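Coordinates as given in start.txt (compact mmCIF, C-alpha atoms):
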# COMPACT_ATOMS: atom_id res chain seq x y z
CA MET A 1117 140.16 100.61 109.27
CA GLY A 1118 136.57 100.93 108.07
CA THR A 1119 137.58 100.17 104.47
CA ILE A 1120 139.61 97.16 105.55
CA MET A 1121 136.71 95.83 107.63
CA ALA A 1122 134.24 96.38 104.77
CA GLY A 1123 136.52 94.51 102.40
CA PHE A 1124 136.82 91.67 104.88
CA MET A 1125 133.02 91.44 105.21
CA LEU A 1126 132.53 91.37 101.43
CA THR A 1127 135.07 88.60 101.06
CA ALA A 1128 133.36 86.64 103.83
CA MET A 1129 129.93 86.95 102.19
CA ALA A 1130 131.29 85.83 98.82
CA GLN A 1131 133.00 82.89 100.50
CA GLU A 1132 129.74 82.03 102.29
CA ALA A 1133 127.89 81.63 98.99
CA LYS A 1134 130.69 79.54 97.52
CA GLU A 1135 130.82 77.27 100.55
CA GLU A 1136 127.04 76.82 100.53
CA ILE A 1137 127.13 75.91 96.84
CA MET A 1138 130.03 73.52 97.29
CA GLN A 1139 128.00 71.75 99.97
CA ASN A 1140 124.76 71.81 97.96
CA ILE A 1141 125.20 72.28 94.20
CA ALA A 1142 121.41 72.40 93.76
CA LEU A 1143 121.64 76.03 94.94
CA THR A 1144 123.23 76.92 91.59
CA GLY A 1145 119.74 76.52 90.13
CA SER A 1146 118.77 80.06 91.19
CA ASN A 1147 115.05 80.21 90.31
CA TYR A 1148 115.15 76.49 89.43
CA LEU A 1149 116.06 75.52 92.98
CA ALA A 1150 113.45 73.14 94.38
CA TYR A 1151 111.88 74.56 97.53
CA ARG A 1152 113.80 73.60 100.68
CA GLY A 1153 111.36 74.72 103.34
CA PRO A 1154 112.26 76.80 106.40
CA GLN A 1155 115.89 76.74 107.46
CA LYS A 1156 115.50 78.31 110.94
CA GLN A 1157 113.32 78.17 114.03
CA LEU A 1158 110.68 80.86 114.60
CA THR A 1159 111.09 83.45 117.36
CA LYS A 1160 108.51 83.30 120.12
CA ALA A 1161 105.97 86.11 119.98
CA PRO A 1162 106.02 88.86 122.63
CA LYS A 1163 104.09 88.00 125.76
CA GLY A 1164 100.33 88.06 125.32
CA TYR A 1165 100.44 88.19 121.50
CA GLN A 1166 98.83 85.65 119.19
CA PRO A 1167 98.67 85.42 115.38
CA PHE A 1168 95.25 86.18 113.90
CA TYR A 1169 95.70 87.06 110.20
CA ILE A 1170 98.05 86.03 107.38
CA SER A 1171 98.63 87.83 104.10
CA HIS A 1172 100.70 85.93 101.55
CA TYR A 1173 102.16 85.96 98.06
CA GLY A 1174 103.72 82.76 96.78
CA ARG A 1175 105.34 81.48 93.63
CA HIS A 1176 104.09 78.32 91.97
CA GLY A 1177 105.91 75.12 92.85
CA SER A 1178 108.43 73.12 90.84
CA ARG A 1179 107.66 72.95 87.13
CA TYR A 1180 108.94 71.78 83.79
CA LEU A 1181 110.85 74.25 81.65
CA ILE A 1182 108.78 76.72 79.67
CA GLY A 1183 108.69 76.11 75.92
CA ASP A 1184 109.63 73.19 73.67
CA THR A 1185 112.79 74.85 72.32
CA ASP A 1186 114.74 74.32 75.53
CA TYR A 1187 114.09 70.59 75.15
CA ASN A 1188 114.26 70.18 71.37
CA TRP A 1189 117.30 72.28 70.49
CA PRO A 1190 119.89 70.43 72.61
CA VAL A 1191 118.58 67.06 71.41
CA GLN A 1192 118.61 68.14 67.78
CA THR A 1193 122.13 69.59 68.12
CA LEU A 1194 123.47 66.40 69.65
CA GLU A 1195 121.57 64.19 67.19
CA LYS A 1196 123.09 66.02 64.24
CA ALA A 1197 126.58 65.60 65.69
CA ASP A 1198 125.87 61.93 66.35
CA SER A 1199 124.81 61.39 62.72
CA LEU A 1200 128.23 62.75 61.71
CA ASN A 1201 130.06 60.59 64.27
CA LYS A 1202 131.21 63.70 66.14
CA LEU A 1203 129.99 62.78 69.62
CA SER A 1204 132.28 61.45 72.32
CA PRO A 1205 131.04 58.53 74.48
CA LEU A 1206 129.99 61.14 77.06
CA GLY A 1207 128.19 63.12 74.36
CA LYS A 1208 126.25 60.01 73.34
CA ASP A 1209 125.23 59.41 76.93
CA VAL A 1210 124.16 63.03 77.35
CA LEU A 1211 122.01 62.64 74.23
CA ARG A 1212 120.40 59.58 75.85
CA ARG A 1213 119.69 61.52 79.03
CA MET A 1214 118.36 64.55 77.15
CA ASN A 1215 115.92 62.31 75.28
CA MET A 1216 114.68 61.01 78.63
CA ILE A 1217 114.24 64.57 79.87
CA ARG A 1218 112.43 65.67 76.72
CA ASN A 1219 110.13 62.65 76.78
CA GLU A 1220 109.14 63.26 80.39
CA ALA A 1221 108.25 66.89 79.59
CA ARG A 1222 106.40 66.18 76.33
CA LYS A 1223 103.23 68.29 76.24
CA ARG A 1224 103.94 69.39 79.84
CA THR A 1225 106.21 72.38 79.29
CA GLY A 1226 105.65 75.03 81.93
CA GLU A 1227 103.32 72.82 83.95
CA LEU A 1228 103.46 72.08 87.66
CA SER A 1229 105.38 68.89 88.42
CA PRO A 1230 104.29 66.35 91.07
CA LEU A 1231 107.00 67.75 93.33
CA GLY A 1232 105.56 71.24 92.86
CA ALA A 1233 102.16 70.05 94.07
CA LEU A 1234 103.76 68.39 97.10
CA GLN A 1235 105.69 71.56 97.96
CA HIS A 1236 102.49 73.58 98.26
CA ARG A 1237 100.75 70.97 100.37
CA GLN A 1238 103.72 71.04 102.73
CA ILE A 1239 103.77 74.85 102.84
CA ALA A 1240 100.06 74.92 103.70
CA ARG A 1241 100.50 72.24 106.35
CA ARG A 1242 103.30 74.17 108.04
CA MET A 1243 101.35 77.42 107.83
CA TYR A 1244 98.43 75.76 109.59
CA GLU A 1245 100.57 74.06 112.23
CA ARG A 1246 102.73 77.12 112.95
CA PHE A 1247 99.83 79.56 113.23
CA PRO A 1248 96.78 77.44 114.17
CA GLU A 1249 94.94 80.39 115.73
CA VAL A 1250 94.53 81.94 112.27
CA PHE A 1251 92.66 78.91 110.92
CA GLN A 1252 90.31 78.09 113.80
CA GLY A 1253 86.60 77.62 113.20
CA ASP A 1254 84.77 78.59 110.02
CA VAL A 1255 87.03 81.49 109.07
CA CYS A 1256 87.34 82.75 105.50
CA ILE A 1257 90.36 81.98 103.35
CA ASP A 1258 90.43 84.21 100.28
CA ALA A 1259 92.80 82.91 97.57
CA LYS A 1260 93.71 84.33 94.18
CA SER A 1261 96.00 83.07 91.46
CA THR A 1262 97.34 84.39 88.20
CA VAL A 1263 95.65 82.82 85.20
CA VAL A 1264 98.57 80.44 84.56
CA ILE A 1265 97.67 76.81 85.22
CA ARG A 1266 100.77 76.00 87.33
CA CYS A 1267 99.82 78.83 89.68
CA ILE A 1268 96.18 77.77 89.82
CA LEU A 1269 97.18 74.19 90.67
CA SER A 1270 99.62 75.45 93.30
CA MET A 1271 96.77 77.40 94.90
CA GLU A 1272 94.41 74.41 94.78
CA ASN A 1273 96.95 72.11 96.40
CA GLU A 1274 97.41 74.52 99.31
CA LEU A 1275 93.67 74.96 99.73
CA GLN A 1276 93.04 71.21 99.68
CA GLU A 1277 95.63 70.71 102.41
CA LEU A 1278 94.07 73.44 104.54
CA LEU A 1279 90.65 71.82 104.14
CA ILE A 1280 92.07 68.50 105.31
CA LYS A 1281 93.29 70.27 108.41
CA ASN A 1282 89.99 72.10 108.97
CA PRO A 1283 86.97 71.13 106.83
CA ARG A 1284 84.99 74.07 108.27
CA LEU A 1285 87.08 76.68 106.45
CA ARG A 1286 85.09 78.96 104.12
CA ILE A 1287 87.21 79.23 101.01
CA THR A 1288 86.89 81.57 98.05
CA HIS A 1289 89.31 81.12 95.18
CA ASP A 1290 89.66 82.77 91.81
CA ALA A 1291 92.01 83.27 88.85
CA SER A 1292 90.99 86.17 86.64
CA GLU A 1293 92.43 88.83 84.36
CA HIS A 1294 90.47 91.21 86.58
CA ASP A 1295 93.19 90.92 89.25
CA MET A 1296 96.28 90.78 87.07
CA TYR A 1297 96.98 94.49 87.61
CA PHE A 1298 98.37 93.56 91.03
CA MET A 1299 98.83 89.78 90.81
CA ASN A 1300 101.08 89.96 87.75
CA GLN A 1301 101.55 93.62 86.90
CA GLN A 1302 102.88 94.39 83.43
CA ASP A 1303 104.76 97.68 83.29
CA ASP A 1304 106.15 98.33 79.81
CA LYS A 1305 108.15 101.35 80.93
CA LEU A 1306 110.00 99.47 83.66
CA TYR A 1307 110.35 96.39 81.47
CA ASN A 1308 112.11 98.43 78.80
CA MET A 1309 114.52 99.74 81.45
CA LYS A 1310 115.61 96.29 82.64
CA MET A 1311 118.77 96.09 80.58
CA PRO A 1312 119.77 99.47 79.09
CA ARG A 1313 122.91 99.59 76.96
CA ARG A 1314 125.22 100.53 79.84
CA ALA A 1315 123.86 97.65 81.92
CA GLN A 1316 124.20 95.22 79.02
CA LEU A 1317 127.82 96.18 78.43
CA LYS A 1318 128.62 95.87 82.14
CA TYR A 1319 126.88 92.50 82.33
CA ASP A 1320 128.61 91.21 79.19
CA GLU A 1321 131.95 92.18 80.71
CA TYR A 1322 131.05 90.46 83.98
CA LYS A 1323 129.82 87.36 82.14
CA ARG A 1324 133.10 87.05 80.22
CA GLN A 1325 134.93 86.95 83.54
CA HIS A 1326 132.82 84.00 84.70
CA ASN A 1327 132.18 82.11 81.46
CA ASN A 1328 134.06 78.83 81.17
CA TYR A 1329 131.95 76.51 79.05
CA SER A 1330 134.76 75.29 76.74
CA ARG A 1331 135.85 72.28 78.80
CA VAL A 1332 132.31 70.93 79.04
CA LEU A 1333 131.70 71.55 75.34
CA ASN A 1334 134.84 69.74 74.23
CA SER A 1335 134.04 66.78 76.49
CA LEU A 1336 130.88 66.13 74.46
CA PHE A 1337 132.54 65.92 71.06
CA ASN A 1338 135.42 63.93 69.58
CA ASP A 1339 136.32 66.73 67.17
CA ASN A 1340 137.30 70.07 68.73
CA ASP A 1341 137.08 71.89 65.40
CA TYR A 1342 133.50 70.69 64.95
CA ALA A 1343 132.63 71.78 68.50
CA THR A 1344 134.22 75.18 67.91
CA TYR A 1345 132.93 76.05 64.44
CA ASP A 1346 129.77 73.99 63.89
CA VAL A 1347 128.06 74.17 67.28
CA ASP A 1348 126.71 77.13 69.23
CA GLY A 1349 128.72 75.91 72.17
CA GLU A 1350 127.79 78.55 74.70
CA ARG A 1351 124.09 78.02 74.06
CA LEU A 1352 124.38 74.25 74.25
CA VAL A 1353 126.31 74.19 77.52
CA SER A 1354 124.06 76.87 79.02
CA LEU A 1355 120.98 74.80 78.21
CA LEU A 1356 122.56 71.66 79.63
CA PHE A 1357 123.26 73.62 82.81
CA LYS A 1358 119.64 74.81 82.84
CA HIS A 1359 118.39 71.23 82.55
CA ALA A 1360 120.86 70.10 85.19
CA CYS A 1361 119.34 72.65 87.56
CA ASN A 1362 115.72 71.91 86.73
CA LEU A 1363 116.04 68.13 87.01
CA GLN A 1364 115.64 68.57 90.77
CA SER A 1365 112.04 69.63 90.10
CA THR A 1366 111.07 66.55 88.08
CA GLU A 1367 110.54 62.86 88.81
CA LEU A 1368 113.67 62.08 86.78
CA ARG A 1369 115.72 63.54 89.63
CA LYS A 1370 115.56 60.06 91.13
CA ASP A 1371 117.18 58.43 88.10
CA ILE A 1372 119.62 60.75 86.32
CA THR A 1373 121.66 63.93 86.69
CA LEU A 1374 123.44 66.36 84.41
CA TYR A 1375 125.39 68.02 87.19
CA ASP A 1376 128.14 65.44 86.61
CA LEU A 1377 129.07 67.27 83.38
CA PHE A 1378 130.36 70.22 85.40
CA THR A 1379 132.96 70.77 88.07
CA LYS A 1380 131.75 72.53 91.20
CA GLU A 1381 133.81 75.58 90.21
CA GLU A 1382 132.07 75.70 86.83
CA LEU A 1383 128.68 75.45 88.51
CA TYR A 1384 129.62 78.29 90.83
CA GLU A 1385 130.66 80.45 87.87
CA PHE A 1386 127.36 79.79 86.07
CA TRP A 1387 125.46 80.71 89.23
CA GLN A 1388 127.38 83.99 89.57
CA GLN A 1389 126.31 84.94 86.03
CA ALA A 1390 122.67 84.24 86.85
CA ASN A 1391 122.88 86.02 90.19
CA ALA A 1392 124.15 89.21 88.55
CA TRP A 1393 121.55 89.01 85.75
CA TRP A 1394 118.65 88.75 88.21
CA TYR A 1395 120.06 91.58 90.29
CA ILE A 1396 120.13 93.89 87.26
CA THR A 1397 116.78 92.94 85.75
CA TYR A 1398 114.55 92.49 88.82
CA GLY A 1399 116.58 93.80 91.73
CA PRO A 1400 117.55 97.30 92.90
CA SER A 1401 120.60 97.61 90.62
CA PRO A 1402 121.67 101.20 89.80
CA LEU A 1403 122.50 99.88 86.30
CA SER A 1404 118.76 99.54 85.63
CA GLY A 1405 117.88 102.76 87.45
CA GLY A 1406 117.27 101.20 90.87
CA VAL A 1407 113.53 101.16 90.18
CA GLN A 1408 112.73 97.60 89.06
CA PRO A 1409 111.30 96.60 92.48
CA PHE A 1410 108.54 99.17 91.93
CA SER A 1411 107.07 96.84 89.33
CA GLN A 1412 105.31 95.34 92.37
CA ARG A 1413 103.90 98.60 93.71
CA ASN A 1414 100.32 97.54 92.99
CA LEU A 1415 100.88 94.23 94.77
CA LEU A 1416 102.28 95.90 97.87
CA ARG A 1417 99.40 98.40 97.92
CA ASN A 1418 96.96 95.52 97.67
CA ILE A 1419 98.63 93.75 100.59
CA ILE A 1420 98.34 96.92 102.70
CA GLN A 1421 94.77 97.70 101.64
CA GLN A 1422 93.57 94.15 102.24
CA ALA A 1423 95.22 94.19 105.64
CA ASP A 1424 93.54 97.50 106.51
CA SER A 1425 90.19 95.86 105.81
CA CYS A 1426 90.83 92.45 107.36
CA LEU A 1427 92.41 93.78 110.54
CA GLN A 1428 89.07 95.34 111.47
CA LEU A 1429 87.59 91.85 111.80
CA GLU A 1430 87.63 89.73 114.91
CA HIS A 1431 88.79 86.63 113.04
CA PRO A 1432 89.86 87.56 109.49
CA GLY A 1433 91.58 84.32 108.43
CA ALA A 1434 94.04 84.56 105.54
CA THR A 1435 94.56 86.19 102.16
CA LEU A 1436 96.58 83.98 99.82
CA ARG A 1437 97.99 84.95 96.42
CA PHE A 1438 99.78 82.70 93.92
CA GLY A 1439 102.00 83.87 91.09
CA HIS A 1440 105.56 83.86 89.85
CA GLU A 1441 109.19 84.45 90.81
CA THR A 1442 109.18 87.64 88.75
CA MET A 1443 106.82 89.02 91.40
CA VAL A 1444 108.44 87.47 94.49
CA MET A 1445 111.91 88.72 93.56
CA PRO A 1446 111.07 92.44 93.08
CA LEU A 1447 108.56 92.40 95.96
CA THR A 1448 111.31 91.10 98.25
CA CYS A 1449 113.53 93.95 97.06
CA LEU A 1450 110.74 96.54 97.33
CA LEU A 1451 110.19 95.46 100.93
CA ASN A 1452 113.97 95.37 101.38
CA LEU A 1453 113.71 92.12 103.31
CA ASN A 1454 117.06 91.14 104.80
CA GLY A 1455 118.70 94.00 102.93
CA TYR A 1456 117.86 92.62 99.47
CA GLY A 1457 116.67 96.06 98.38
CA GLU A 1458 120.05 97.76 98.84
CA PRO A 1459 121.75 99.26 95.75
CA ILE A 1460 125.11 97.79 94.74
CA ASP A 1461 127.05 99.66 92.08
CA ASP A 1462 129.66 97.06 91.17
CA LEU A 1463 128.48 93.70 89.80
CA ASN A 1464 131.59 92.14 91.30
CA GLN A 1465 130.20 93.03 94.74
CA VAL A 1466 126.67 91.64 94.31
CA ASN A 1467 127.55 88.15 95.50
CA ALA A 1468 130.03 89.53 98.02
CA SER A 1469 127.36 91.79 99.51
CA GLY A 1470 125.20 88.81 100.42
CA TRP A 1471 122.71 89.15 97.55
CA HIS A 1472 122.23 85.44 96.86
CA ASN A 1473 119.22 84.77 94.65
CA TYR A 1474 118.67 81.18 95.80
CA ASN A 1475 117.56 82.55 99.17
CA ILE A 1476 114.85 84.66 97.52
CA PHE A 1477 112.94 82.85 94.80
CA PRO A 1478 113.20 79.07 94.61
CA MET A 1479 110.30 77.09 93.21
CA GLY A 1480 107.49 77.58 95.74
CA ALA A 1481 109.01 80.80 97.12
CA ASN A 1482 106.66 82.76 99.36
CA ILE A 1483 106.34 85.88 101.47
CA GLN A 1484 104.04 85.71 104.49
CA PHE A 1485 102.90 88.65 106.61
CA ILE A 1486 101.88 87.24 110.00
CA PHE A 1487 99.78 89.66 112.08
CA TYR A 1488 99.63 89.49 115.88
CA ARG A 1489 97.51 91.18 118.49
CA ASN A 1490 97.30 91.32 122.25
CA LYS A 1491 93.66 91.42 123.30
CA LYS A 1492 94.52 93.15 126.57
CA LYS A 1493 96.85 95.90 125.40
CA GLY A 1494 99.54 96.86 122.94
CA PRO A 1495 99.74 97.76 119.24
CA LEU A 1496 99.17 95.37 116.33
CA LEU A 1497 102.40 93.62 115.39
CA VAL A 1498 103.53 91.98 112.17
CA LYS A 1499 106.44 89.84 111.15
CA VAL A 1500 107.38 88.88 107.61
CA LEU A 1501 108.58 85.45 106.57
CA LEU A 1502 110.65 84.98 103.43
CA ASN A 1503 110.40 81.33 102.44
CA GLU A 1504 109.05 80.64 105.93
CA ASP A 1505 112.06 82.15 107.70
CA GLU A 1506 111.78 85.40 109.68
CA ALA A 1507 113.06 88.43 107.78
CA THR A 1508 114.30 91.82 108.93
CA LEU A 1509 112.54 94.98 107.74
CA PRO A 1510 114.35 98.29 107.09
CA LEU A 1511 112.64 100.18 109.91
CA SER A 1512 114.47 102.32 112.43
CA ASP A 1513 112.81 100.62 115.40
CA GLN A 1514 114.32 97.14 115.65
CA SER A 1515 113.55 96.71 119.35
CA LEU A 1516 111.12 93.81 118.78
CA SER A 1517 112.65 92.43 115.58
CA PRO A 1518 111.55 90.23 113.83
CA TYR A 1519 108.25 91.70 115.09
CA TYR A 1520 107.33 95.25 114.08
CA LYS A 1521 104.48 97.63 114.83
CA TRP A 1522 102.05 97.43 111.94
CA GLU A 1523 101.45 101.17 112.15
CA ASP A 1524 105.16 101.79 111.51
CA VAL A 1525 105.38 99.18 108.75
CA ARG A 1526 102.30 100.53 106.99
CA SER A 1527 103.50 104.13 107.18
CA TYR A 1528 107.01 103.28 105.98
CA TYR A 1529 105.90 101.39 102.89
CA LEU A 1530 103.13 103.80 101.92
CA GLN A 1531 105.66 106.63 101.98
CA LYS A 1532 107.99 104.56 99.84
CA LEU A 1533 105.25 103.80 97.35
CA ASP A 1534 104.20 107.46 97.22
CA SER A 1535 107.79 108.45 96.46
CA TYR A 1536 107.74 106.59 93.13
CA GLN A 1537 106.97 108.79 90.14
CA GLU A 1538 105.37 106.78 87.33
Could you quickly redo this structure as structure tokens?
Amino acid sequence: MGTIMAGFMLTAMAQEAKEEIMQNIALTGSNYLAYRGPQKQLTKAPKGYQPFYISHYGRHGSRYLIGDTDYNWPVQTLEKADSLNKLSPLGKDVLRRMNMIRNEARKRTGELSPLGALQHRQIARRMYERFPEVFQGDVCIDAKSTVVIRCILSMENELQELLIKNPRLRITHDASEHDMYFMNQQDDKLYNMKMPRRAQLKYDEYKRQHNNYSRVLNSLFNDNDYATYDVDGERLVSLLFKHACNLQSTELRKDITLYDLFTKEELYEFWQQANAWWYITYGPSPLSGGVQPFSQRNLLRNIIQQADSCLQLEHPGATLRFGHETMVMPLTCLLNLNGYGEPIDDLNQVNASGWHNYNIFPMGANIQFIFYRNKKKGPLLVKVLLNEDEATLPLSDQSLSPYYKWEDVRSYYLQKLDSYQE
């Protein structure tokens, strides 16, 4: 009975992702999904408790693709075919659209888009309006960014919005290599373990089960032999899918799409490939040793240590950090928010187990620790928001969930960090 019920639940979770994607194909973008904002209402705090400190790590907002190759190679491939009269009418139109996309991104690759700036202003506005007690008076807001310009601009947009709300805020902000050991930790040992041979073989097998680029490829050309033998078809279609996903982050989203090249089933299959890849390389996958989330051990220690210091203050304000999805994803798994840190042996069960990457690290993704206290009595409490929605923590005491005793949270994660052998 237990096995039957487990199988039913897995099927239901897989169906949930498919239904969500069928209703909103933008979700297939994975880390290219433009930030949607909170999807749920917040739970009222326990009686007598008020928020008084926020600790945060957020990804930069929507951006252009990183590197000229992603823009140039598809255009050059289609231009060559066009010069040989090998493009179909659809192929010619895709070439036109790709030239528009490349022109918009010229000399802007990897940079924050206007939508990305707006996302961070909106996040800051909601943070202020949801937890106004944290930002009262002339409190200090300490903000740090990685040294990448899209992250710095994301930070500045949030800070500007907070200053509009309260000009008395005392803000410090910085972006320095000095802090990269926790803001964007580089761990060569873990990096080299991301895709060991066994994992690569398993992923290649999984990818073959979900790879169906041939129909799209052949629709672009009037000569199937040319498409088969003279074009790197898988690369071309994969890049067109990548651009289709990232268009939602640019101003061109108002004028053109590339999603029309794909059926919804094809989009779903592409997303499943990406979902499995992210689970192996940045998630808790046993195929990569189950240790990739520990790449953010310095970040989690910093969050705890900063909280230990700030919680001694009467009015500590907020600690804001701005970086990348390759920090948000493993930090989410290290914290095991909403069960995203659970090991899954079979790649075919990743989606079915409810591990859906679009819920973790869209453009503008963020994790917020909201601290509460009762001035009359009671322990310090904390709740964690993932993309501004309340998350569950893997603690035994769920009596106040989504609120947890900070003492228990702190102890649990310090023990977890101490268990990791570098």
Q) Can you tell me, as a list of chain:residue names, what residues are no more than 7 Å from Thr1262 in chain A when counting only C-alpha atoms, ignoring any on the same chain fewer than 5 positions away? A) A:Cys1267, A:Ile1268, A:Ala1291, A:Ser1292, A:Met1296, A:Met1299, A:Asn1300, A:Phe1438, A:Gly1439
Q.
When you count all atoms listed in the file, which of these residues is closest to Asn1328 in chain A: A:Met1311, A:Asp1295, A:Leu1383, A:Ser1146?
A.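 Closest residue, counting all atoms listed in the file: A:Leu1383.
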Q. Got a sec: who's within 9 Å of Gly1145 in chain A, counting only C-alpha atoms, leaving out chain neighbours fewer than 6 positions off, as an NGL selection string?
A. :A and (1357-1358 or 1360-1362 or 1364 or 1387 or 1390 or 1474 or 1478)
Q.
Could you list, as a count of residues only, every residue within 9 Å of range 1416-1427 of chain A, counting all atoms listed in the file and ignoring same-chain residues fewer than 3 positions away?
A. 24
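Going from CA of Tyr1180 in chain A to CA of Gly1226 in chain A covers 5.0 Å.
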Q: Between CA of Ile1265 in chain A and CA of Leu1356 in chain A, measure the distance and give it in Å to one decimal.
A: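 Straight-line distance from CA of Ile1265 in chain A to CA of Leu1356 in chain A works out to 26.0 Å.
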Q) Suppose you want the space between CA of His1440 in chain A and CA of Glu1321 in chain A; what is it in Å? A)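 Atom-to-atom, CA of His1440 in chain A and CA of Glu1321 in chain A are spaced 29.1 Å apart.
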**Q.** For Val1210 in chain A, the nearest of the candidates A:Glu1293, A:Asp1376, A:Glu1277, A:Glu1135, counting all atoms listed in the file
**A.**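 Closest candidate: A:Asp1376.
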(Q) List the spatial neighbours of Pro1409 in chain A as a list in words - criterion: any atom at most 9 Å away, all atoms listed in the file, same-chain residues fewer than 6 positions off excluded. (A) Tyr1398, Gly1399, Pro1400, Met1443, Met1445, Pro1446, Leu1447, Thr1448, Cys1449, Leu1450, Leu1451 and Gly1457 of chain A
Q: Would you list the contacts of Gly1455 in chain A as number ranges by chain, taking every protein, DNA or RNA residue within 9 Å and counting all atoms listed in the file, but skipping same-chain residues closer than 6 positions in sequence?
A: A: 1449, 1470-1471, 1508-1510
